[in-house]
file target-v1.cif (mmCIF, C-alpha atoms and all ligand atoms)
data_my_file
loop_
_atom_site.label_atom_id
_atom_site.label_comp_id
_atom_site.auth_asym_id
_atom_site.auth_seq_id
_atom_site.Cartn_x
_atom_site.Cartn_y
_atom_site.Cartn_z
CA MET A 114 7.15 -13.30 10.40
CA LYS A 115 8.97 -11.78 7.48
CA LEU A 116 6.56 -11.23 4.61
CA SER A 117 9.13 -12.60 2.15
CA GLN A 118 8.54 -16.05 3.73
CA LEU A 119 4.80 -15.62 3.48
CA LEU A 120 4.92 -14.48 -0.14
CA ALA A 121 7.01 -17.51 -1.10
CA LYS A 122 4.13 -19.84 -0.16
CA ASP A 123 2.16 -21.44 -2.94
CA THR A 124 -1.28 -20.42 -1.59
CA LEU A 125 -3.71 -17.63 -2.36
CA SER A 126 -4.00 -14.91 0.24
CA LEU A 127 -5.39 -11.48 1.04
CA SER A 128 -3.78 -8.76 3.15
CA PHE A 129 -5.49 -5.64 4.44
CA GLU A 130 -4.37 -2.05 4.86
CA VAL A 131 -5.42 0.12 7.78
CA PHE A 132 -4.52 3.68 8.70
CA PRO A 133 -3.79 5.23 12.09
CA PRO A 134 -6.03 7.98 13.52
CA LYS A 135 -5.36 11.59 12.53
CA ALA A 136 -6.43 12.86 15.96
CA ASP A 137 -5.72 11.45 19.41
CA THR A 138 -9.44 11.34 20.19
CA ALA A 139 -10.05 8.78 17.43
CA PHE A 140 -7.43 6.32 18.65
CA ASP A 141 -9.77 3.92 20.46
CA SER A 142 -12.27 3.61 17.60
CA VAL A 143 -9.51 3.12 15.02
CA LYS A 144 -7.78 0.56 17.23
CA LYS A 145 -11.04 -1.39 17.54
CA ALA A 146 -11.59 -1.34 13.76
CA THR A 147 -8.06 -2.59 13.11
CA GLU A 148 -8.52 -5.34 15.69
CA GLU A 149 -11.70 -6.51 13.94
CA ILE A 150 -9.79 -6.59 10.65
CA ALA A 151 -6.94 -8.55 12.25
CA SER A 152 -9.48 -11.04 13.63
CA LEU A 153 -10.31 -12.03 10.05
CA ARG A 154 -6.82 -13.60 9.93
CA PRO A 155 -5.51 -12.03 6.73
CA ALA A 156 -1.99 -12.93 5.57
CA PHE A 157 -0.81 -9.64 7.08
CA VAL A 158 -2.02 -6.17 7.97
CA SER A 159 -0.18 -3.08 6.75
CA VAL A 160 -0.41 0.16 8.71
CA THR A 161 0.08 3.44 6.83
CA TYR A 162 2.20 6.33 8.04
CA GLY A 163 1.08 9.93 8.20
CA ALA A 164 4.29 11.90 7.94
CA GLY A 165 4.95 14.85 10.17
CA GLY A 166 1.79 14.81 12.27
CA GLY A 167 1.95 14.22 16.00
CA THR A 168 0.04 10.97 15.49
CA SER A 169 2.72 9.26 13.37
CA ARG A 170 3.64 7.20 16.44
CA TYR A 171 0.26 5.48 16.15
CA THR A 172 1.45 3.51 13.13
CA LEU A 173 3.69 1.60 15.44
CA ASP A 174 1.17 1.31 18.28
CA ILE A 175 -1.40 -0.23 15.93
CA ALA A 176 1.06 -2.53 14.16
CA LYS A 177 2.44 -3.76 17.47
CA ASN A 178 -1.02 -4.37 18.94
CA ILE A 179 -2.10 -6.46 15.93
CA LYS A 180 1.09 -8.49 15.94
CA GLU A 181 1.25 -9.15 19.66
CA ASN A 182 -2.43 -9.60 20.51
CA PHE A 183 -3.76 -11.16 17.31
CA GLY A 184 -0.70 -13.06 16.06
CA VAL A 185 -1.04 -11.49 12.59
CA SER A 186 2.12 -10.32 10.79
CA THR A 187 2.30 -6.56 10.30
CA LEU A 188 3.95 -4.23 7.84
CA ALA A 189 4.75 -0.75 9.18
CA HIS A 190 4.84 1.99 6.54
CA LEU A 191 7.54 4.66 6.85
CA THR A 192 8.00 7.79 4.75
CA CYS A 193 11.19 9.85 4.62
CA VAL A 194 11.04 12.96 2.41
CA SER A 195 9.82 15.39 5.04
CA SER A 196 11.94 13.91 7.84
CA THR A 197 15.49 14.41 9.02
CA ARG A 198 17.95 11.52 9.08
CA GLU A 199 17.85 11.65 12.86
CA THR A 200 14.05 11.26 13.01
CA VAL A 201 14.07 8.39 10.54
CA ARG A 202 16.86 6.60 12.45
CA GLN A 203 14.80 6.91 15.63
CA GLN A 204 11.72 5.53 13.84
CA ILE A 205 13.73 2.58 12.58
CA GLU A 206 15.01 1.87 16.09
CA ASP A 207 11.45 2.07 17.45
CA ILE A 208 10.16 -0.34 14.79
CA LYS A 209 12.98 -2.74 15.60
CA ALA A 210 12.28 -2.48 19.34
CA ALA A 211 8.60 -3.27 18.69
CA GLY A 212 9.68 -6.54 17.04
CA ILE A 213 8.23 -5.58 13.65
CA GLN A 214 10.24 -7.16 10.85
CA ASN A 215 8.55 -5.63 7.81
CA ILE A 216 8.76 -2.05 6.59
CA MET A 217 7.09 -0.43 3.58
CA ALA A 218 9.78 2.05 2.54
CA LEU A 219 8.24 5.14 0.99
CA ARG A 220 9.33 8.58 -0.04
CA GLY A 221 5.97 10.19 0.82
CA ASP A 222 4.38 13.09 -1.02
CA ILE A 223 6.41 16.29 -1.04
CA PRO A 224 4.64 18.82 1.22
CA LYS A 225 3.65 22.12 -0.42
CA GLU A 226 6.06 24.15 1.70
CA MET A 227 9.01 22.02 0.50
CA GLN A 228 8.22 22.10 -3.20
CA GLU A 229 10.23 25.26 -3.96
CA GLN A 230 13.23 24.23 -1.85
CA ASN A 231 16.61 23.16 -3.17
CA ARG A 232 16.30 19.37 -3.02
CA SER A 233 20.03 18.75 -2.73
CA SER A 234 19.83 19.87 0.91
CA TRP A 235 17.25 17.23 1.87
CA ASP A 236 18.30 14.19 3.87
CA TYR A 237 16.04 11.99 1.70
CA ARG A 238 15.02 12.74 -1.88
CA TYR A 239 13.61 9.38 -2.97
CA ALA A 240 12.47 6.14 -1.37
CA ILE A 241 15.73 4.53 -2.52
CA ASP A 242 17.62 6.65 0.06
CA LEU A 243 15.52 5.09 2.83
CA ILE A 244 15.83 1.59 1.38
CA ARG A 245 19.65 1.83 1.39
CA GLU A 246 19.53 2.84 5.04
CA LEU A 247 17.11 0.03 5.97
CA LYS A 248 19.40 -2.49 4.29
CA GLU A 249 21.85 -1.94 7.16
CA SER A 250 19.32 -3.72 9.41
CA ASP A 251 17.60 -7.06 8.96
CA PHE A 252 14.18 -5.96 7.69
CA CYS A 253 11.97 -7.36 4.98
CA ILE A 254 11.40 -4.28 2.81
CA GLY A 255 8.46 -3.43 0.56
CA GLY A 256 8.27 -0.63 -2.02
CA ALA A 257 5.47 1.15 -3.87
CA CYS A 258 4.87 0.96 -7.62
CA TYR A 259 2.41 2.55 -10.01
CA PRO A 260 0.71 0.61 -12.84
CA GLU A 261 -0.63 3.95 -14.15
CA VAL A 262 2.73 5.76 -13.66
CA HIS A 263 3.67 7.92 -10.68
CA PRO A 264 2.29 11.46 -11.27
CA GLU A 265 5.78 13.03 -11.11
CA SER A 266 7.24 10.75 -13.79
CA ARG A 267 7.48 11.97 -17.37
CA ASN A 268 6.57 8.55 -18.75
CA GLN A 269 6.31 4.89 -17.82
CA LYS A 270 9.75 3.99 -19.13
CA GLU A 271 11.40 6.49 -16.78
CA ASP A 272 9.19 5.35 -13.86
CA ILE A 273 10.11 1.69 -14.43
CA ARG A 274 13.82 2.58 -14.70
CA HIS A 275 13.66 4.21 -11.25
CA LEU A 276 11.62 1.28 -9.95
CA LYS A 277 14.33 -1.12 -11.06
CA GLU A 278 17.00 0.94 -9.25
CA LYS A 279 14.79 0.88 -6.15
CA ALA A 280 14.30 -2.89 -6.43
CA LEU A 281 18.03 -3.52 -6.81
CA ALA A 282 18.78 -1.33 -3.78
CA GLY A 283 17.23 -4.05 -1.64
CA LEU A 284 13.46 -4.44 -1.92
CA ASP A 285 11.86 -7.79 -1.10
CA PHE A 286 8.45 -7.11 -2.65
CA LEU A 287 6.30 -4.47 -4.33
CA THR A 288 2.76 -3.28 -3.69
CA THR A 289 0.87 -1.36 -6.35
CA GLN A 290 -1.15 1.79 -6.19
CA MET A 291 -4.89 1.01 -6.48
CA PHE A 292 -6.35 0.40 -9.93
CA PHE A 293 -9.88 -0.34 -11.16
CA ASP A 294 -8.99 -1.99 -14.45
CA ASN A 295 -6.99 -5.21 -14.15
CA ASN A 296 -5.70 -4.93 -17.71
CA LEU A 297 -3.63 -1.91 -16.65
CA PHE A 298 -2.00 -4.10 -14.01
CA TYR A 299 -1.34 -6.98 -16.43
CA ASN A 300 0.32 -4.57 -18.91
CA PHE A 301 2.45 -3.10 -16.13
CA LEU A 302 3.42 -6.55 -14.88
CA TYR A 303 4.53 -7.53 -18.36
CA LYS A 304 6.66 -4.38 -18.67
CA ILE A 305 8.39 -4.66 -15.29
CA ARG A 306 9.18 -8.35 -15.88
CA GLU A 307 10.56 -7.42 -19.30
CA ALA A 308 12.71 -4.79 -17.54
CA GLY A 309 14.11 -7.54 -15.31
CA ILE A 310 12.21 -6.74 -12.09
CA THR A 311 11.50 -10.18 -10.67
CA LEU A 312 10.20 -9.28 -7.19
CA PRO A 313 6.90 -10.62 -5.86
CA ILE A 314 4.20 -8.03 -6.51
CA LEU A 315 0.97 -7.46 -4.63
CA PRO A 316 -1.74 -5.73 -6.64
CA GLY A 317 -3.61 -3.20 -4.49
CA ILE A 318 -7.40 -3.25 -4.71
CA MET A 319 -9.58 -0.53 -3.19
CA PRO A 320 -13.24 -1.47 -2.61
CA ILE A 321 -15.25 1.69 -3.28
CA THR A 322 -18.33 1.39 -1.11
CA VAL A 323 -19.51 5.02 -0.93
CA GLY A 324 -20.38 6.96 -4.11
CA THR A 325 -18.49 10.12 -3.06
CA GLN A 326 -15.36 8.06 -2.29
CA VAL A 327 -14.66 7.57 -6.01
CA LYS A 328 -13.87 11.24 -6.63
CA ARG A 329 -11.46 11.42 -3.69
CA ALA A 330 -9.78 8.09 -4.46
CA VAL A 331 -9.25 9.12 -8.08
CA GLU A 332 -7.92 12.55 -7.08
CA LEU A 333 -5.41 10.94 -4.73
CA SER A 334 -4.29 8.11 -6.97
CA GLY A 335 -4.95 9.39 -10.50
CA SER A 336 -6.47 5.98 -11.29
CA PHE A 337 -8.47 5.40 -14.46
CA VAL A 338 -12.14 4.62 -13.79
CA PRO A 339 -13.60 2.20 -16.37
CA GLN A 340 -17.07 2.80 -17.78
CA ARG A 341 -18.29 -0.41 -16.13
CA PHE A 342 -17.41 1.05 -12.73
CA LYS A 343 -18.79 4.54 -13.55
CA ALA A 344 -22.12 2.97 -14.50
CA LEU A 345 -22.29 1.23 -11.17
CA VAL A 346 -21.66 4.48 -9.25
CA ASP A 347 -24.22 6.34 -11.42
CA LYS A 348 -26.83 3.71 -10.67
CA PHE A 349 -26.18 3.01 -6.99
CA GLY A 350 -24.11 5.97 -5.73
CA ASP A 351 -27.02 7.61 -3.90
CA ASP A 352 -28.17 4.40 -2.17
CA PRO A 353 -25.65 3.57 0.59
CA GLY A 354 -26.66 -0.10 0.98
CA ALA A 355 -26.73 -0.82 -2.74
CA MET A 356 -23.46 1.06 -3.39
CA LYS A 357 -21.73 -0.91 -0.67
CA GLN A 358 -22.88 -4.24 -2.13
CA ALA A 359 -21.95 -3.17 -5.65
CA GLY A 360 -18.50 -1.87 -4.59
CA ILE A 361 -17.70 -5.05 -2.69
CA ALA A 362 -18.84 -7.16 -5.66
CA TYR A 363 -16.66 -5.13 -8.06
CA ALA A 364 -13.57 -5.47 -5.84
CA THR A 365 -14.27 -9.19 -5.34
CA ASP A 366 -14.52 -9.63 -9.10
CA GLN A 367 -11.15 -7.88 -9.61
CA ILE A 368 -9.53 -10.12 -6.98
CA ILE A 369 -10.95 -13.33 -8.47
CA ASP A 370 -9.68 -12.30 -11.89
CA LEU A 371 -6.20 -11.62 -10.44
CA PHE A 372 -6.13 -15.03 -8.72
CA ALA A 373 -7.35 -16.70 -11.91
CA ASN A 374 -4.47 -15.09 -13.79
CA GLY A 375 -1.71 -16.37 -11.55
CA ILE A 376 -1.48 -13.73 -8.81
CA ARG A 377 -1.24 -15.33 -5.35
CA ASN A 378 -1.33 -12.36 -2.96
CA VAL A 379 -3.69 -9.43 -3.24
CA HIS A 380 -3.53 -6.38 -0.97
CA VAL A 381 -6.87 -4.78 -0.12
CA TYR A 382 -7.13 -1.11 0.83
CA SER A 383 -9.73 -1.89 3.45
CA MET A 384 -9.65 1.64 4.93
CA ASN A 385 -10.50 0.69 8.53
CA LYS A 386 -13.79 -0.89 7.45
CA PRO A 387 -14.04 -4.32 9.09
CA ASP A 388 -17.46 -5.03 7.53
CA VAL A 389 -16.07 -4.49 4.02
CA ALA A 390 -13.00 -6.61 4.74
CA ALA A 391 -15.20 -9.37 6.21
CA ALA A 392 -17.56 -9.34 3.22
CA ILE A 393 -14.67 -9.74 0.77
CA MET A 394 -13.20 -12.57 2.85
CA ALA A 395 -16.61 -14.27 2.92
CA ASN A 396 -17.00 -13.90 -0.84
CA LEU A 397 -13.67 -15.69 -1.30
CA SER A 398 -13.98 -18.27 1.47
CA ASP A 399 -13.63 -21.31 -0.80
CA ILE A 400 -11.07 -19.65 -3.04
CA LEU A 401 -8.54 -18.52 -0.42
CA ASN A 402 -5.86 -20.93 0.70
CA LYS A 403 -6.21 -23.02 -2.43
C1 LIG B 1 1.37 0.77 -1.75
C2 LIG B 1 1.51 2.22 -1.36
C3 LIG B 1 1.54 2.57 -0.01
C4 LIG B 1 1.67 3.91 0.37
N1 LIG B 1 1.67 4.23 1.72
C5 LIG B 1 1.83 5.52 2.10
C6 LIG B 1 1.88 5.88 3.50
O1 LIG B 1 1.75 5.03 4.38
N2 LIG B 1 2.07 7.19 3.82
C7 LIG B 1 2.23 8.17 2.86
O2 LIG B 1 2.41 9.35 3.23
N3 LIG B 1 2.19 7.86 1.53
C8 LIG B 1 2.00 6.57 1.13
N4 LIG B 1 1.96 6.24 -0.21
C9 LIG B 1 2.09 7.33 -1.21
C10 LIG B 1 3.56 7.62 -1.61
O3 LIG B 1 4.26 8.12 -0.49
C11 LIG B 1 3.55 8.64 -2.75
O4 LIG B 1 2.99 8.08 -3.91
C12 LIG B 1 4.87 9.33 -3.05
O5 LIG B 1 4.62 10.43 -3.93
C13 LIG B 1 5.91 8.45 -3.73
O6 LIG B 1 6.45 7.54 -2.88
P1 LIG B 1 7.41 6.37 -3.44
O7 LIG B 1 7.93 5.64 -2.27
O8 LIG B 1 6.73 5.61 -4.51
O9 LIG B 1 8.59 7.30 -4.09
P2 LIG B 1 9.80 7.00 -5.05
O10 LIG B 1 10.01 5.58 -5.32
O11 LIG B 1 10.95 7.79 -4.51
O12 LIG B 1 9.30 7.67 -6.43
C14 LIG B 1 8.77 9.00 -6.45
C15 LIG B 1 8.95 9.59 -7.85
O13 LIG B 1 10.33 9.86 -8.06
C16 LIG B 1 10.82 9.18 -9.22
N5 LIG B 1 12.20 8.78 -8.92
C17 LIG B 1 12.62 7.77 -8.13
N6 LIG B 1 13.96 7.74 -8.08
C18 LIG B 1 14.40 8.77 -8.84
C19 LIG B 1 15.70 9.29 -9.19
N7 LIG B 1 16.81 8.70 -8.74
N8 LIG B 1 15.76 10.37 -9.99
C20 LIG B 1 14.64 10.97 -10.48
N9 LIG B 1 13.38 10.52 -10.18
C21 LIG B 1 13.28 9.45 -9.38
C22 LIG B 1 9.86 8.01 -9.41
O14 LIG B 1 9.85 7.57 -10.76
C23 LIG B 1 8.54 8.65 -8.99
O15 LIG B 1 8.03 9.46 -10.01
C24 LIG B 1 1.80 4.92 -0.64
C25 LIG B 1 1.77 4.56 -1.98
C26 LIG B 1 1.60 3.23 -2.35
C27 LIG B 1 1.54 2.87 -3.82
#
call {"tool": "encode", "arguments": {"input": "target-v1.cif", "output": "structure tokens", "more": "lines below"}}
Ligand SMILES: Cc1cc2nc3c(=O)[nH]c(=O)nc-3n(C[C@H](O)[C@H](O)[C@H](O)COP(=O)(O)OP(=O)(O)OC[C@H]3O[C@@H](n4cnc5c(N)ncnc54)[C@H](O)[C@@H]3O)c2cc1C
result
Amino acid sequence: MKLSQLLAKDTLSLSFEVFPPKADTAFDSVKKATEEIASLRPAFVSVTYGAGGGTSRYTLDIAKNIKENFGVSTLAHLTCVSSTRETVRQQIEDIKAAGIQNIMALRGDIPKEMQEQNRSSWDYRYAIDLIRELKESDFCIGGACYPEVHPESRNQKEDIRHLKEKALAGLDFLTTQMFFDNNLFYNFLYKIREAGITLPILPGIMPITVGTQVKRAVELSGSFVPQRFKALVDKFGDDPGAMKQAGIAYATDQIIDLFANGIRNVHVYSMNKPDVAAAIMANLSDILNK
């Protein structure tokens, strides 16, 4: 099913994100974890894309398995900046052949070895180049956005101007980078609506269930960590069981607040952890589908 149809429904829902294995040897264990997550019957499962590596084909294998064997809609991520036009065209054909109707169209991070290159020679410079190409086929297309501003942007105004161009190029919905303070999301939402971006938007929530995960998540995303969350990691970070409970409770609280403030679809960065995904679903059992 196209996610645009799903997002038009007047019900509350959760979707989960999984990532493919980085090494061939991990394929079976990752596949099993993603199957357990699909069994929870989220609105959809998105599968990230690791550009360049020999395992990028696994995005499709996992998305196809979930869709065909669990009847859950899938969203295949695709990045373009480090790929040739030929490779991307082949990927698009493969996604089409797998019967997947939804693509998260991303630029991807610029690899170190490309950073000094003359960008005018690249086949893809921004996600918008990929979106324009995808528009030639009949996909439902998602795009990324950044409540705390993309690290390469000079300021939020510039970032939102580029986001609007990306939206107008043919996006059907947006998913945000993770954030730990909902007020940052509400401010961002206000600004993009004011700028005339009317697309459905899925806030992305990352449950932090291991103390050491915070540092890495913040390094990757640049997200602000509120004092309330820091206190929780200080107190429980060295106790795996307690940290897991506290992290799940914090993420659940963020999701409930988003639902209470009019958001219908929340995307959870469940990181191949079926137990975490299940606990969040259980916490919201009477709230979902209202
Ligand atoms: C929901 C989500 C899912 C993700 N999934 C993956 C994944 O599966 N695999 C992966 O490798 N990475 C993933 N990422 C990370 C993403 O690839 C990086 O954040 C990347 O640096 C930017 O990708 P983008 O699609 O947002 O780029 P773009 O939309 O192209 O934006 C990148 C930067 O360029 C600026 N910009 C855009 N257009 C122009 C223009 N015309 N002129 C000047 N500047 C411009 C933007 O303001 C921004 O600063 C994901 C991110 C999010 C939020």
call {"tool": "closest_atom_pairs", "arguments": {"input": "target-v1.cif", "of": "chain A", "to": "ligand LIG 1 (chain B)", "cutoff": "7 Å", "atoms": "only C-alpha atoms and all ligand atoms", "output": "tab-separated table"}}
result
residue	atom	partner	partner_atom	distance
A:Val160	CA	B:LIG1	O1	6.9
A:Thr161	CA	B:LIG1	O1	3.4
A:Tyr162	CA	B:LIG1	O1	3.9
A:Gly163	CA	B:LIG1	O2	5.2
A:Ala164	CA	B:LIG1	O2	5.7
A:His190	CA	B:LIG1	O1	4.8
A:Leu191	CA	B:LIG1	O1	6.3
A:Thr192	CA	B:LIG1	O2	6.0
A:Ala218	CA	B:LIG1	O7	6.3
A:Leu219	CA	B:LIG1	O7	3.3
A:Arg220	CA	B:LIG1	O7	3.9
A:Gly221	CA	B:LIG1	O3	3.0
A:Asp222	CA	B:LIG1	O5	3.9
A:Ile223	CA	B:LIG1	O5	6.8
A:Arg238	CA	B:LIG1	O11	6.9
A:Tyr239	CA	B:LIG1	O11	3.5
A:Ala240	CA	B:LIG1	O11	3.9
A:Ile241	CA	B:LIG1	O11	6.1
A:Gly256	CA	B:LIG1	O7	6.3
A:Ala257	CA	B:LIG1	C27	4.3
A:Cys258	CA	B:LIG1	C27	5.4
A:Tyr259	CA	B:LIG1	C27	6.3
A:His263	CA	B:LIG1	O15	4.7
A:Pro264	CA	B:LIG1	O15	6.2
A:Glu265	CA	B:LIG1	O15	4.4
A:Ser266	CA	B:LIG1	O15	4.1
A:Glu271	CA	B:LIG1	O14	6.3
A:Asp272	CA	B:LIG1	O14	3.9
A:Ile273	CA	B:LIG1	O14	6.9
A:His275	CA	B:LIG1	N6	4.8
A:Leu276	CA	B:LIG1	O10	6.5
A:Lys279	CA	B:LIG1	O10	6.8
A:Thr288	CA	B:LIG1	C1	4.7
A:Thr289	CA	B:LIG1	C27	5.0
A:Gln290	CA	B:LIG1	C27	3.7
A:Gly317	CA	B:LIG1	C1	6.9
call {"tool": "closest_residue", "arguments": {"input": "target-v1.cif", "among": "A:Gln203, A:Gln367, A:Asn374, A:Thr311", "to": "Leu284 (chain A)", "atoms": "all atoms listed in the file"}}
result
A:Thr311
call {"tool": "atom_distance", "arguments": {"input": "target-v1.cif", "atom1": "CA of Phe129 (chain A)", "atom2": "CA of Pro155 (chain A)"}}
result
6.8 Å
call {"tool": "closest_residue", "arguments": {"input": "target-v1.cif", "among": "A:Ser152, A:Asn268, A:Gln204, A:Asn231", "to": "Leu247 (chain A)", "atoms": "all atoms listed in the file"}}
result
A:Gln204
call {"tool": "residues_around", "arguments": {"input": "target-v1.cif", "residues": "region 330-339 of chain A", "least_positions_apart": "2", "cutoff": "12 Å", "atoms": "all atoms listed in the file", "output": "PyMOL selection string"}}
result
chain A and resi 222+258-265+289-298+317-328+341-346+363+382+384
call {"tool": "atom_distance", "arguments": {"input": "target-v1.cif", "atom1": "CA of Glu149 (chain A)", "atom2": "CA of Val185 (chain A)"}}
result
11.8 Å
call {"tool": "closest_residue", "arguments": {"input": "target-v1.cif", "among": "A:Ala280, A:Ile244, A:Ile175, A:Met114", "to": "Lys145 (chain A)", "atoms": "all atoms listed in the file"}}
result
A:Ile175
call {"tool": "residues_near_point", "arguments": {"input": "target-v1.cif", "point": "(-10.6, -18.2, 0.7)", "cutoff": "12 Å", "atoms": "all atoms listed in the file", "output": "compact mmCIF listing (two decimals) with C-alpha atoms, keeping the file's coordinate frame"}}
result
# COMPACT_ATOMS: atom_id res chain seq x y z
CA THR A 124 -1.28 -20.42 -1.59
CA LEU A 125 -3.71 -17.63 -2.36
CA SER A 126 -4.00 -14.91 0.24
CA LEU A 127 -5.39 -11.48 1.04
CA SER A 128 -3.78 -8.76 3.15
CA LEU A 153 -10.31 -12.03 10.05
CA ARG A 154 -6.82 -13.60 9.93
CA PRO A 155 -5.51 -12.03 6.73
CA ALA A 156 -1.99 -12.93 5.57
CA THR A 365 -14.27 -9.19 -5.34
CA ILE A 368 -9.53 -10.12 -6.98
CA ILE A 369 -10.95 -13.33 -8.47
CA PHE A 372 -6.13 -15.03 -8.72
CA ARG A 377 -1.24 -15.33 -5.35
CA ASN A 378 -1.33 -12.36 -2.96
CA VAL A 379 -3.69 -9.43 -3.24
CA ALA A 391 -15.20 -9.37 6.21
CA ALA A 392 -17.56 -9.34 3.22
CA ILE A 393 -14.67 -9.74 0.77
CA MET A 394 -13.20 -12.57 2.85
CA ALA A 395 -16.61 -14.27 2.92
CA ASN A 396 -17.00 -13.90 -0.84
CA LEU A 397 -13.67 -15.69 -1.30
CA SER A 398 -13.98 -18.27 1.47
CA ASP A 399 -13.63 -21.31 -0.80
CA ILE A 400 -11.07 -19.65 -3.04
CA LEU A 401 -8.54 -18.52 -0.42
CA ASN A 402 -5.86 -20.93 0.70
CA LYS A 403 -6.21 -23.02 -2.43
call {"tool": "atom_distance", "arguments": {"input": "target-v1.cif", "atom1": "CA of Arg267 (chain A)", "atom2": "CA of Ile305 (chain A)"}}
result
16.8 Å
call {"tool": "closest_residue", "arguments": {"input": "target-v1.cif", "among": "A:Val389, A:Ala355, A:Leu116, A:Val194", "to": "Phe252 (chain A)", "atoms": "all atoms listed in the file"}}
result
A:Leu116
call {"tool": "closest_atom_pairs", "arguments": {"input": "target-v1.cif", "of": "region 272-391 of chain A", "to": "region 130-138 of chain A", "cutoff": "9 Å", "atoms": "only C-alpha atoms", "output": "Markdown table"}}
result
| residue | atom | partner | partner_atom | distance |
| --- | --- | --- | --- | --- |
| A:His380 | CA | A:Glu130 | CA | 7.3 |
| A:Val381 | CA | A:Glu130 | CA | 6.2 |
| A:Tyr382 | CA | A:Glu130 | CA | 5.0 |
| A:Ser383 | CA | A:Glu130 | CA | 5.5 |
| A:Met384 | CA | A:Val131 | CA | 5.3 |
| A:Asn385 | CA | A:Val131 | CA | 5.2 |
| A:Lys386 | CA | A:Val131 | CA | 8.4 |
call {"tool": "write_last_selection", "arguments": {"input": "target-v1.cif", "atoms": "C-alpha atoms", "output": "short mmCIF file (atom, residue, chain, number, x, y, z; two decimals), in the frame of the given file"}}
result
data_model
loop_
_atom_site.label_atom_id
_atom_site.label_comp_id
_atom_site.auth_asym_id
_atom_site.auth_seq_id
_atom_site.Cartn_x
_atom_site.Cartn_y
_atom_site.Cartn_z
CA HIS A 380 -3.53 -6.38 -0.97
CA VAL A 381 -6.87 -4.78 -0.12
CA TYR A 382 -7.13 -1.11 0.83
CA SER A 383 -9.73 -1.89 3.45
CA MET A 384 -9.65 1.64 4.93
CA ASN A 385 -10.50 0.69 8.53
CA LYS A 386 -13.79 -0.89 7.45
#
call {"tool": "closest_residue", "arguments": {"input": "target-v1.cif", "among": "A:Cys193, A:Ala176, A:Cys253, A:Leu302", "to": "Gly375 (chain A)", "atoms": "only C-alpha atoms"}}
result
A:Leu302
call {"tool": "closest_residue", "arguments": {"input": "target-v1.cif", "among": "A:Ala151, A:Met227, A:Leu243, A:Ala359", "to": "Ala282 (chain A)", "atoms": "only C-alpha atoms"}}
result
A:Leu243
